[in-house]
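Peer 1: Input structure: input.txt, which contains compact mmCIF, N, CA and C atoms and all ligand atoms.
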```txt
# COMPACT_ATOMS: atom_id res chain seq x y z
N MET T 698 -182.23 -105.95 -68.51
CA MET T 698 -182.00 -106.92 -67.42
C MET T 698 -183.24 -107.04 -66.54
N ARG T 699 -183.81 -105.87 -66.21
CA ARG T 699 -184.97 -105.90 -65.34
C ARG T 699 -186.13 -106.65 -65.99
N LEU T 700 -186.27 -106.44 -67.28
CA LEU T 700 -187.35 -107.12 -68.01
C LEU T 700 -187.17 -108.62 -67.98
N ILE T 701 -185.93 -109.01 -68.15
CA ILE T 701 -185.66 -110.45 -68.14
C ILE T 701 -186.00 -111.03 -66.77
N LEU T 702 -185.60 -110.32 -65.72
CA LEU T 702 -185.91 -110.78 -64.37
C LEU T 702 -187.41 -110.92 -64.18
N LEU T 703 -188.13 -109.89 -64.62
CA LEU T 703 -189.57 -109.88 -64.46
C LEU T 703 -190.17 -111.07 -65.19
N ALA T 704 -189.72 -111.28 -66.40
CA ALA T 704 -190.24 -112.39 -67.20
C ALA T 704 -189.99 -113.71 -66.47
N ALA T 705 -188.84 -113.83 -65.88
CA ALA T 705 -188.50 -115.07 -65.19
C ALA T 705 -189.45 -115.28 -64.02
N ILE T 706 -189.71 -114.20 -63.29
CA ILE T 706 -190.56 -114.33 -62.11
C ILE T 706 -192.00 -114.64 -62.52
N VAL T 707 -192.52 -113.89 -63.45
CA VAL T 707 -193.90 -114.10 -63.87
C VAL T 707 -194.03 -115.48 -64.51
N GLY T 708 -193.08 -115.79 -65.35
CA GLY T 708 -193.12 -117.07 -66.04
C GLY T 708 -193.11 -118.24 -65.09
N ALA T 709 -192.45 -118.07 -63.96
CA ALA T 709 -192.31 -119.21 -63.05
C ALA T 709 -193.45 -119.29 -62.04
N GLY T 710 -194.42 -118.42 -62.11
CA GLY T 710 -195.58 -118.63 -61.27
C GLY T 710 -196.03 -117.45 -60.43
N GLY T 711 -195.35 -116.33 -60.53
CA GLY T 711 -195.87 -115.15 -59.85
C GLY T 711 -195.02 -114.70 -58.69
N TRP T 712 -195.30 -113.50 -58.20
CA TRP T 712 -194.54 -112.93 -57.10
C TRP T 712 -194.70 -113.78 -55.85
N GLY T 713 -193.69 -113.78 -55.06
CA GLY T 713 -193.82 -114.37 -53.74
C GLY T 713 -193.59 -115.87 -53.71
N THR T 714 -193.77 -116.53 -54.82
CA THR T 714 -193.62 -117.98 -54.78
C THR T 714 -192.27 -118.41 -55.33
N VAL T 715 -191.52 -117.46 -55.85
CA VAL T 715 -190.35 -117.84 -56.63
C VAL T 715 -189.11 -117.08 -56.20
N ARG T 716 -188.00 -117.75 -56.23
CA ARG T 716 -186.72 -117.03 -56.19
C ARG T 716 -186.00 -117.39 -57.46
N LEU T 717 -185.09 -116.53 -57.82
CA LEU T 717 -184.42 -116.78 -59.09
C LEU T 717 -183.34 -117.83 -58.93
N THR T 718 -182.83 -117.97 -57.73
CA THR T 718 -181.79 -118.98 -57.52
C THR T 718 -182.18 -119.83 -56.33
N ASN T 719 -181.64 -121.01 -56.27
CA ASN T 719 -181.86 -121.84 -55.11
C ASN T 719 -181.02 -121.33 -53.95
N VAL T 720 -181.48 -121.60 -52.76
CA VAL T 720 -180.71 -121.26 -51.57
C VAL T 720 -179.70 -122.39 -51.34
N THR T 721 -178.47 -122.02 -51.12
CA THR T 721 -177.47 -123.06 -50.85
C THR T 721 -176.82 -122.82 -49.49
N TYR T 722 -176.30 -123.92 -48.96
CA TYR T 722 -175.63 -123.84 -47.66
C TYR T 722 -174.44 -122.87 -47.72
N TYR T 723 -173.56 -123.11 -48.67
CA TYR T 723 -172.32 -122.34 -48.67
C TYR T 723 -172.54 -120.85 -48.93
N ARG T 724 -173.43 -120.54 -49.85
CA ARG T 724 -173.58 -119.13 -50.20
C ARG T 724 -174.52 -118.39 -49.26
N ASP T 725 -175.61 -119.04 -48.85
CA ASP T 725 -176.66 -118.30 -48.15
C ASP T 725 -176.78 -118.62 -46.66
N VAL T 726 -176.59 -119.88 -46.33
CA VAL T 726 -176.86 -120.30 -44.95
C VAL T 726 -175.62 -120.16 -44.06
N LEU T 727 -174.47 -120.53 -44.57
CA LEU T 727 -173.25 -120.46 -43.75
C LEU T 727 -172.98 -119.06 -43.19
N PRO T 728 -173.16 -118.00 -44.00
CA PRO T 728 -172.93 -116.66 -43.40
C PRO T 728 -173.85 -116.39 -42.22
N ILE T 729 -175.08 -116.89 -42.28
CA ILE T 729 -176.01 -116.70 -41.16
C ILE T 729 -175.54 -117.50 -39.95
N MET T 730 -175.10 -118.73 -40.23
CA MET T 730 -174.61 -119.58 -39.14
C MET T 730 -173.38 -118.95 -38.48
N GLN T 731 -172.50 -118.41 -39.31
CA GLN T 731 -171.30 -117.78 -38.77
C GLN T 731 -171.66 -116.64 -37.84
N GLU T 732 -172.64 -115.86 -38.25
CA GLU T 732 -172.96 -114.68 -37.47
C GLU T 732 -173.77 -115.03 -36.22
N HIS T 733 -174.63 -116.03 -36.31
CA HIS T 733 -175.60 -116.22 -35.23
C HIS T 733 -175.47 -117.53 -34.46
N CYS T 734 -174.78 -118.50 -35.00
CA CYS T 734 -174.86 -119.83 -34.39
C CYS T 734 -173.50 -120.41 -33.99
N LEU T 735 -172.49 -120.17 -34.79
CA LEU T 735 -171.23 -120.90 -34.58
C LEU T 735 -170.49 -120.50 -33.32
N SER T 736 -170.81 -119.35 -32.78
CA SER T 736 -170.15 -118.97 -31.53
C SER T 736 -170.39 -120.03 -30.47
N CYS T 737 -171.54 -120.67 -30.52
CA CYS T 737 -171.84 -121.76 -29.57
C CYS T 737 -171.75 -123.13 -30.22
N HIS T 738 -172.14 -123.20 -31.49
CA HIS T 738 -172.24 -124.51 -32.14
C HIS T 738 -170.94 -124.90 -32.83
N ARG T 739 -169.88 -125.04 -32.06
CA ARG T 739 -168.63 -125.62 -32.55
C ARG T 739 -167.94 -126.30 -31.39
N PRO T 740 -166.98 -127.14 -31.68
CA PRO T 740 -166.40 -127.95 -30.61
C PRO T 740 -165.88 -127.09 -29.46
N GLY T 741 -166.13 -127.54 -28.26
CA GLY T 741 -165.60 -126.84 -27.10
C GLY T 741 -166.50 -125.73 -26.59
N GLN T 742 -167.57 -125.43 -27.33
CA GLN T 742 -168.48 -124.38 -26.88
C GLN T 742 -169.70 -125.01 -26.22
N ILE T 743 -170.63 -124.15 -25.75
CA ILE T 743 -171.67 -124.70 -24.88
C ILE T 743 -172.71 -125.56 -25.59
N ALA T 744 -172.93 -125.34 -26.87
CA ALA T 744 -173.95 -126.12 -27.57
C ALA T 744 -173.44 -127.55 -27.81
N PRO T 745 -174.32 -128.52 -27.68
CA PRO T 745 -173.91 -129.93 -27.80
C PRO T 745 -173.66 -130.38 -29.24
N ILE T 746 -174.03 -129.58 -30.21
CA ILE T 746 -173.90 -129.99 -31.61
C ILE T 746 -173.01 -128.99 -32.34
N SER T 747 -172.12 -129.48 -33.18
CA SER T 747 -171.29 -128.58 -33.98
C SER T 747 -171.90 -128.39 -35.36
N PHE T 748 -171.95 -127.14 -35.80
CA PHE T 748 -172.45 -126.84 -37.15
C PHE T 748 -171.33 -126.27 -38.01
N LEU T 749 -170.11 -126.73 -37.80
CA LEU T 749 -168.98 -126.11 -38.49
C LEU T 749 -168.92 -126.45 -39.98
N SER T 750 -169.47 -127.57 -40.35
CA SER T 750 -169.39 -127.95 -41.76
C SER T 750 -170.76 -128.33 -42.29
N TYR T 751 -170.85 -128.42 -43.59
CA TYR T 751 -172.11 -128.86 -44.19
C TYR T 751 -172.48 -130.24 -43.68
N ARG T 752 -171.48 -131.11 -43.63
CA ARG T 752 -171.73 -132.49 -43.21
C ARG T 752 -172.34 -132.54 -41.80
N GLN T 753 -171.85 -131.67 -40.93
CA GLN T 753 -172.36 -131.66 -39.57
C GLN T 753 -173.72 -130.98 -39.48
N THR T 754 -173.95 -130.05 -40.39
CA THR T 754 -175.16 -129.24 -40.30
C THR T 754 -176.35 -129.93 -40.95
N ARG T 755 -176.10 -130.61 -42.06
CA ARG T 755 -177.19 -131.16 -42.89
C ARG T 755 -178.19 -132.03 -42.11
N PRO T 756 -177.73 -132.96 -41.24
CA PRO T 756 -178.71 -133.79 -40.54
C PRO T 756 -179.62 -132.98 -39.63
N TRP T 757 -179.21 -131.78 -39.30
CA TRP T 757 -179.98 -130.95 -38.38
C TRP T 757 -180.83 -129.92 -39.10
N ALA T 758 -180.89 -129.99 -40.42
CA ALA T 758 -181.54 -128.93 -41.18
C ALA T 758 -182.97 -128.64 -40.69
N GLU T 759 -183.76 -129.69 -40.54
CA GLU T 759 -185.15 -129.47 -40.11
C GLU T 759 -185.19 -128.89 -38.70
N ALA T 760 -184.34 -129.42 -37.84
CA ALA T 760 -184.31 -128.92 -36.46
C ALA T 760 -183.85 -127.46 -36.44
N ILE T 761 -182.92 -127.12 -37.32
CA ILE T 761 -182.44 -125.74 -37.38
C ILE T 761 -183.57 -124.82 -37.82
N GLU T 762 -184.28 -125.26 -38.85
CA GLU T 762 -185.41 -124.45 -39.31
C GLU T 762 -186.40 -124.23 -38.17
N HIS T 763 -186.74 -125.33 -37.51
CA HIS T 763 -187.70 -125.23 -36.42
C HIS T 763 -187.19 -124.28 -35.34
N ALA T 764 -185.93 -124.41 -35.01
CA ALA T 764 -185.37 -123.60 -33.93
C ALA T 764 -185.39 -122.11 -34.27
N VAL T 765 -185.12 -121.76 -35.52
CA VAL T 765 -185.10 -120.33 -35.84
C VAL T 765 -186.50 -119.78 -36.09
N VAL T 766 -187.38 -120.61 -36.65
CA VAL T 766 -188.75 -120.14 -36.90
C VAL T 766 -189.46 -119.90 -35.58
N THR T 767 -189.19 -120.73 -34.59
CA THR T 767 -189.85 -120.56 -33.29
C THR T 767 -189.05 -119.65 -32.35
N SER T 768 -187.95 -119.09 -32.87
CA SER T 768 -187.08 -118.21 -32.07
C SER T 768 -186.47 -118.93 -30.88
N LYS T 769 -186.41 -120.23 -30.93
CA LYS T 769 -185.73 -120.96 -29.86
C LYS T 769 -184.23 -120.71 -29.93
N MET T 770 -183.75 -120.58 -31.17
CA MET T 770 -182.34 -120.29 -31.40
C MET T 770 -182.21 -119.05 -32.26
N PRO T 771 -181.22 -118.18 -32.03
CA PRO T 771 -180.31 -118.25 -30.89
C PRO T 771 -181.05 -118.06 -29.58
N PRO T 772 -180.58 -118.67 -28.50
CA PRO T 772 -181.37 -118.88 -27.30
C PRO T 772 -181.82 -117.62 -26.58
N TRP T 773 -181.08 -116.54 -26.69
CA TRP T 773 -181.45 -115.38 -25.86
C TRP T 773 -182.44 -114.46 -26.54
N MET T 774 -182.80 -114.74 -27.74
CA MET T 774 -183.70 -113.84 -28.46
C MET T 774 -184.98 -113.61 -27.68
N GLY T 775 -185.31 -112.37 -27.47
CA GLY T 775 -186.53 -112.08 -26.74
C GLY T 775 -186.32 -112.04 -25.25
N ALA T 776 -185.47 -112.88 -24.74
CA ALA T 776 -185.26 -112.92 -23.31
C ALA T 776 -184.36 -111.78 -22.85
N MET T 777 -183.40 -111.43 -23.67
CA MET T 777 -182.46 -110.37 -23.30
C MET T 777 -182.45 -109.28 -24.36
N PRO T 778 -183.18 -108.20 -24.11
CA PRO T 778 -183.35 -107.16 -25.12
C PRO T 778 -182.04 -106.59 -25.65
N PHE T 779 -181.02 -106.54 -24.80
CA PHE T 779 -179.76 -105.93 -25.25
C PHE T 779 -179.05 -106.78 -26.29
N GLU T 780 -179.40 -108.03 -26.31
CA GLU T 780 -178.76 -108.93 -27.27
C GLU T 780 -179.58 -109.07 -28.55
N HIS T 781 -180.59 -108.25 -28.66
CA HIS T 781 -181.52 -108.44 -29.76
C HIS T 781 -180.87 -108.47 -31.13
N GLU T 782 -179.85 -107.67 -31.28
CA GLU T 782 -179.23 -107.61 -32.60
C GLU T 782 -178.62 -108.95 -32.99
N ARG T 783 -178.54 -109.85 -32.05
CA ARG T 783 -177.98 -111.15 -32.40
C ARG T 783 -179.04 -112.12 -32.89
N GLY T 784 -180.30 -111.72 -32.80
CA GLY T 784 -181.36 -112.55 -33.35
C GLY T 784 -181.34 -112.48 -34.88
N LEU T 785 -182.02 -113.42 -35.51
CA LEU T 785 -182.05 -113.43 -36.96
C LEU T 785 -183.09 -112.43 -37.47
N SER T 786 -182.79 -111.83 -38.61
CA SER T 786 -183.79 -110.99 -39.27
C SER T 786 -184.81 -111.91 -39.92
N LEU T 787 -185.96 -111.33 -40.25
CA LEU T 787 -186.99 -112.13 -40.93
C LEU T 787 -186.45 -112.70 -42.22
N GLN T 788 -185.63 -111.92 -42.87
CA GLN T 788 -185.08 -112.39 -44.14
C GLN T 788 -184.15 -113.58 -43.93
N GLU T 789 -183.38 -113.54 -42.85
CA GLU T 789 -182.49 -114.67 -42.57
C GLU T 789 -183.29 -115.92 -42.23
N ILE T 790 -184.36 -115.73 -41.48
CA ILE T 790 -185.22 -116.88 -41.15
C ILE T 790 -185.83 -117.45 -42.43
N ASP T 791 -186.28 -116.55 -43.28
CA ASP T 791 -186.83 -116.94 -44.58
C ASP T 791 -185.84 -117.77 -45.39
N THR T 792 -184.61 -117.30 -45.38
CA THR T 792 -183.56 -117.99 -46.14
C THR T 792 -183.40 -119.41 -45.64
N ILE T 793 -183.40 -119.59 -44.33
CA ILE T 793 -183.23 -120.93 -43.78
C ILE T 793 -184.44 -121.81 -44.10
N GLU T 794 -185.62 -121.22 -43.98
CA GLU T 794 -186.82 -121.99 -44.34
C GLU T 794 -186.77 -122.46 -45.78
N GLN T 795 -186.40 -121.53 -46.64
CA GLN T 795 -186.34 -121.84 -48.07
C GLN T 795 -185.29 -122.92 -48.34
N TRP T 796 -184.17 -122.79 -47.66
CA TRP T 796 -183.09 -123.77 -47.82
C TRP T 796 -183.57 -125.18 -47.50
N VAL T 797 -184.27 -125.30 -46.37
CA VAL T 797 -184.75 -126.61 -45.95
C VAL T 797 -185.82 -127.12 -46.91
N ARG T 798 -186.70 -126.21 -47.32
CA ARG T 798 -187.77 -126.61 -48.24
C ARG T 798 -187.21 -127.14 -49.56
N GLU T 799 -186.11 -126.57 -49.95
CA GLU T 799 -185.51 -126.98 -51.23
C GLU T 799 -184.59 -128.19 -51.07
N GLY T 800 -184.54 -128.76 -49.88
CA GLY T 800 -183.76 -129.96 -49.71
C GLY T 800 -182.41 -129.75 -49.05
N ALA T 801 -182.18 -128.55 -48.50
CA ALA T 801 -180.95 -128.26 -47.76
C ALA T 801 -179.69 -128.63 -48.55
N VAL T 802 -179.60 -128.10 -49.74
CA VAL T 802 -178.47 -128.45 -50.60
C VAL T 802 -177.20 -127.71 -50.18
N ALA T 803 -176.07 -128.33 -50.52
CA ALA T 803 -174.78 -127.75 -50.15
C ALA T 803 -174.42 -126.56 -51.04
N GLY T 804 -174.59 -126.73 -52.33
CA GLY T 804 -174.15 -125.69 -53.25
C GLY T 804 -172.66 -125.80 -53.51
N ASP T 805 -172.07 -124.71 -53.92
CA ASP T 805 -170.66 -124.70 -54.32
C ASP T 805 -169.80 -124.14 -53.18
N PRO T 806 -168.86 -124.96 -52.68
CA PRO T 806 -168.01 -124.50 -51.57
C PRO T 806 -167.27 -123.20 -51.90
N ARG T 807 -167.08 -122.94 -53.20
CA ARG T 807 -166.38 -121.70 -53.54
C ARG T 807 -167.22 -120.46 -53.26
N ASP T 808 -168.52 -120.66 -53.01
CA ASP T 808 -169.37 -119.53 -52.65
C ASP T 808 -169.28 -119.20 -51.17
N ALA T 809 -168.58 -120.02 -50.41
CA ALA T 809 -168.57 -119.84 -48.96
C ALA T 809 -167.87 -118.54 -48.58
N PRO T 810 -168.34 -117.94 -47.51
CA PRO T 810 -167.65 -116.75 -46.97
C PRO T 810 -166.33 -117.17 -46.35
N PRO T 811 -165.43 -116.23 -46.13
CA PRO T 811 -164.18 -116.59 -45.44
C PRO T 811 -164.51 -117.20 -44.08
N PRO T 812 -163.69 -118.14 -43.62
CA PRO T 812 -163.98 -118.76 -42.32
C PRO T 812 -164.05 -117.71 -41.23
N ALA T 813 -165.01 -117.88 -40.35
CA ALA T 813 -165.15 -116.94 -39.25
C ALA T 813 -164.41 -117.44 -38.02
N TYR T 814 -164.12 -118.74 -37.99
CA TYR T 814 -163.47 -119.32 -36.84
C TYR T 814 -162.30 -120.18 -37.30
N GLU T 815 -161.28 -120.23 -36.45
CA GLU T 815 -160.08 -120.98 -36.82
C GLU T 815 -160.36 -122.43 -37.17
N ASP T 816 -161.27 -123.03 -36.42
CA ASP T 816 -161.50 -124.45 -36.63
C ASP T 816 -162.57 -124.72 -37.68
N GLU T 817 -162.96 -123.70 -38.38
CA GLU T 817 -163.97 -123.87 -39.42
C GLU T 817 -163.30 -124.30 -40.72
N GLY T 818 -163.99 -125.11 -41.48
CA GLY T 818 -163.40 -125.63 -42.70
C GLY T 818 -163.05 -124.58 -43.73
N GLY T 819 -163.88 -123.58 -43.87
CA GLY T 819 -163.59 -122.54 -44.84
C GLY T 819 -163.90 -122.94 -46.26
N PRO T 820 -163.50 -122.11 -47.19
CA PRO T 820 -163.99 -122.22 -48.54
C PRO T 820 -163.26 -123.22 -49.43
N ARG T 821 -162.43 -124.06 -48.87
CA ARG T 821 -161.74 -124.98 -49.76
C ARG T 821 -162.71 -125.97 -50.40
N PRO T 822 -162.61 -126.18 -51.69
CA PRO T 822 -163.55 -127.06 -52.39
C PRO T 822 -163.60 -128.45 -51.77
N CYS T 823 -164.78 -129.00 -51.71
CA CYS T 823 -165.04 -130.36 -51.25
C CYS T 823 -164.96 -130.52 -49.74
N ARG T 824 -164.41 -129.59 -49.06
CA ARG T 824 -164.34 -129.70 -47.62
C ARG T 824 -165.75 -129.77 -47.03
N GLY T 825 -166.00 -130.76 -46.19
CA GLY T 825 -167.26 -130.84 -45.48
C GLY T 825 -168.40 -131.42 -46.30
N LEU T 826 -168.13 -131.85 -47.49
CA LEU T 826 -169.22 -132.41 -48.30
C LEU T 826 -169.47 -133.87 -47.97
C1 LIG D 901 -175.61 -118.89 -26.88
C2 LIG D 901 -175.21 -120.12 -27.51
C3 LIG D 901 -176.02 -120.61 -28.70
C4 LIG D 901 -176.23 -119.97 -29.89
C5 LIG D 901 -175.72 -118.61 -30.32
C6 LIG D 901 -177.02 -120.87 -30.69
N1 LIG D 901 -177.28 -122.03 -30.01
FE1 LIG D 901 -178.35 -123.64 -30.68
N2 LIG D 901 -178.08 -124.57 -28.90
C7 LIG D 901 -177.38 -124.07 -27.83
C8 LIG D 901 -177.48 -125.00 -26.71
C9 LIG D 901 -176.84 -124.81 -25.34
C10 LIG D 901 -178.25 -126.09 -27.16
C11 LIG D 901 -178.67 -127.34 -26.39
C12 LIG D 901 -179.74 -127.08 -25.40
C13 LIG D 901 -181.03 -126.78 -26.06
O1 LIG D 901 -181.50 -127.54 -26.93
O2 LIG D 901 -181.65 -125.73 -25.70
C14 LIG D 901 -178.62 -125.79 -28.54
C15 LIG D 901 -179.39 -126.62 -29.33
C16 LIG D 901 -179.69 -126.39 -30.66
C17 LIG D 901 -180.43 -127.28 -31.52
C18 LIG D 901 -180.95 -128.65 -31.10
C19 LIG D 901 -182.40 -128.82 -31.24
C20 LIG D 901 -183.18 -127.97 -30.34
O3 LIG D 901 -184.02 -127.20 -30.86
O4 LIG D 901 -183.02 -128.07 -29.10
C21 LIG D 901 -180.52 -126.70 -32.73
C22 LIG D 901 -181.18 -127.25 -33.99
C23 LIG D 901 -179.86 -125.41 -32.63
N3 LIG D 901 -179.37 -125.26 -31.38
C24 LIG D 901 -179.74 -124.52 -33.67
C25 LIG D 901 -179.16 -123.26 -33.56
C26 LIG D 901 -179.11 -122.31 -34.65
C27 LIG D 901 -179.66 -122.56 -36.04
C28 LIG D 901 -178.47 -121.22 -34.18
C29 LIG D 901 -178.21 -119.93 -34.91
C30 LIG D 901 -179.37 -119.30 -35.50
C31 LIG D 901 -178.12 -121.47 -32.79
N4 LIG D 901 -178.56 -122.73 -32.46
C32 LIG D 901 -177.45 -120.58 -31.97
C33 LIG D 901 -176.70 -122.87 -27.79
C34 LIG D 901 -176.68 -121.92 -28.78
```
Go through the file and emit its structure as structure tokens.
Peer 2:
Amino acid sequence: MRLILLAAIVGAGGWGTVRLTNVTYYRDVLPIMQEHCLSCHRPGQIAPISFLSYRQTRPWAEAIEHAVVTSKMPPWMGAMPFEHERGLSLQEIDTIEQWVREGAVAGDPRDAPPPAYEDEGGPRPCRGL
């Protein structure tokens, strides 16, 4: 298995430039949003934009990337040391960058994590597409 992985990586252009799978909203990005963004970015909360579904999130993909790369979002990062654990890890930021670079695709709704909020669409197929 390891050899096959290695062959795939080398064959596709070398370390660092390749991932074996594409980043998708449902599998990779939504869990990050649930943990770091949806507490504010859903209806009735302080953020003006809801990111509860792919449909709502997709138009903001570039803005989301910009916001996390510049640490603008989540808003308290850096400003309040005690809340630091709520900031994104470098790997999470990387994931979002990669997602946007690859065209911010939805992926398969069945890959979605369980809903974190009552008003979230959750993993039902086709929801939010
Ligand atoms: C503490 C609440 C809170 C959290 C958590 C939060 N946001 Fe925000 N967000 C806001 C508010 C309030 C605004 C509107 C005011 C502003 O733009 O600063 C906003 C605005 C935005 C915007 C609009 C464009 C911009 O840069 O102003 C984007 C994109 C964004 N947030 C993305 C995110 C992402 C991605 C996350 C998770 C990594 C996140 N936010 C987490 C409160 C939050």
Peer 1: Kindly compile the residues surrounding ligand LIG 901 (chain D) within 6.5 Å, counting only N, CA and C atoms and all ligand atoms, and format them as a list in words.
Peer 2: Ile729, Met730, His733, Cys734, Leu735, Ser736, Cys737, His738, Ile743, Ala744, Pro745, Ile746, Trp757, Glu759, Ala760, Ile761, Glu762, His763, Ala764, Val765, Met770, Pro771, Pro772, Trp773 and Leu785 of chain T
Peer 1: Is there a way to get, as a PyMOL selection string, all residues within 7 Å of the point (-183.7, -118.8, -49.0) in file coordinates, counting only N, CA and C atoms?
Peer 2: chain T and resi 719-721+791-796
Peer 1: For Arg724 in chain T, please output as a ChimeraX atom specification all residues within 8 Å (counting all atoms listed in the file; exclusion window: fewer than 3 positions along the same chain).
Peer 2: /T:720-721,727-729,803-810
Peer 1: Now that the selection is made, can you save its residues with N, CA and C atoms as a PDB file, in the coordinates of the input?
Peer 2:
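Full text of again.pdb as output:
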```pdb
ATOM      1  N   VAL T 720    -181.480-121.600 -52.760  1.00  0.00           N
ATOM      2  CA  VAL T 720    -180.710-121.260 -51.570  1.00  0.00           C
ATOM      3  C   VAL T 720    -179.700-122.390 -51.340  1.00  0.00           C
ATOM      4  N   THR T 721    -178.470-122.020 -51.120  1.00  0.00           N
ATOM      5  CA  THR T 721    -177.470-123.060 -50.850  1.00  0.00           C
ATOM      6  C   THR T 721    -176.820-122.820 -49.490  1.00  0.00           C
ATOM      7  N   LEU T 727    -174.470-120.530 -44.570  1.00  0.00           N
ATOM      8  CA  LEU T 727    -173.250-120.460 -43.750  1.00  0.00           C
ATOM      9  C   LEU T 727    -172.980-119.060 -43.190  1.00  0.00           C
ATOM     10  N   PRO T 728    -173.160-118.000 -44.000  1.00  0.00           N
ATOM     11  CA  PRO T 728    -172.930-116.660 -43.400  1.00  0.00           C
ATOM     12  C   PRO T 728    -173.850-116.390 -42.220  1.00  0.00           C
ATOM     13  N   ILE T 729    -175.080-116.890 -42.280  1.00  0.00           N
ATOM     14  CA  ILE T 729    -176.010-116.700 -41.160  1.00  0.00           C
ATOM     15  C   ILE T 729    -175.540-117.500 -39.950  1.00  0.00           C
ATOM     16  N   ALA T 803    -176.070-128.330 -50.520  1.00  0.00           N
ATOM     17  CA  ALA T 803    -174.780-127.750 -50.150  1.00  0.00           C
ATOM     18  C   ALA T 803    -174.420-126.560 -51.040  1.00  0.00           C
ATOM     19  N   GLY T 804    -174.590-126.730 -52.330  1.00  0.00           N
ATOM     20  CA  GLY T 804    -174.150-125.690 -53.250  1.00  0.00           C
ATOM     21  C   GLY T 804    -172.660-125.800 -53.510  1.00  0.00           C
ATOM     22  N   ASP T 805    -172.070-124.710 -53.920  1.00  0.00           N
ATOM     23  CA  ASP T 805    -170.660-124.700 -54.320  1.00  0.00           C
ATOM     24  C   ASP T 805    -169.800-124.140 -53.180  1.00  0.00           C
ATOM     25  N   PRO T 806    -168.860-124.960 -52.680  1.00  0.00           N
ATOM     26  CA  PRO T 806    -168.010-124.500 -51.570  1.00  0.00           C
ATOM     27  C   PRO T 806    -167.270-123.200 -51.900  1.00  0.00           C
ATOM     28  N   ARG T 807    -167.080-122.940 -53.200  1.00  0.00           N
ATOM     29  CA  ARG T 807    -166.380-121.700 -53.540  1.00  0.00           C
ATOM     30  C   ARG T 807    -167.220-120.460 -53.260  1.00  0.00           C
ATOM     31  N   ASP T 808    -168.520-120.660 -53.010  1.00  0.00           N
ATOM     32  CA  ASP T 808    -169.370-119.530 -52.650  1.00  0.00           C
ATOM     33  C   ASP T 808    -169.280-119.200 -51.170  1.00  0.00           C
ATOM     34  N   ALA T 809    -168.580-120.020 -50.410  1.00  0.00           N
ATOM     35  CA  ALA T 809    -168.570-119.840 -48.960  1.00  0.00           C
ATOM     36  C   ALA T 809    -167.870-118.540 -48.580  1.00  0.00           C
ATOM     37  N   PRO T 810    -168.340-117.940 -47.510  1.00  0.00           N
ATOM     38  CA  PRO T 810    -167.650-116.750 -46.970  1.00  0.00           C
ATOM     39  C   PRO T 810    -166.330-117.170 -46.350  1.00  0.00           C
TER      40      PRO T 810
END
```
Peer 1: May I ask for the distance between atom C of Pro811 in chain T and atom C of Gly741 in chain T, given in Å to one decimal place?
Peer 2: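 Atom-to-atom, atom C of Pro811 in chain T and atom C of Gly741 in chain T are spaced 19.6 Å apart.
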Peer 1: Suppose you want the space between atom C of Ala758 in chain T and atom N of Ile790 in chain T; what is it in Å?
Peer 2: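 Atom-to-atom, atom C of Ala758 in chain T to atom N of Ile790 in chain T, that is 13.0 Å.
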Peer 1: Kindly give the distance, in Å, that separates CA of Tyr814 in chain T and atom N of Arg798 in chain T, rounded to a single decimal.
Peer 2: 26.4 Å
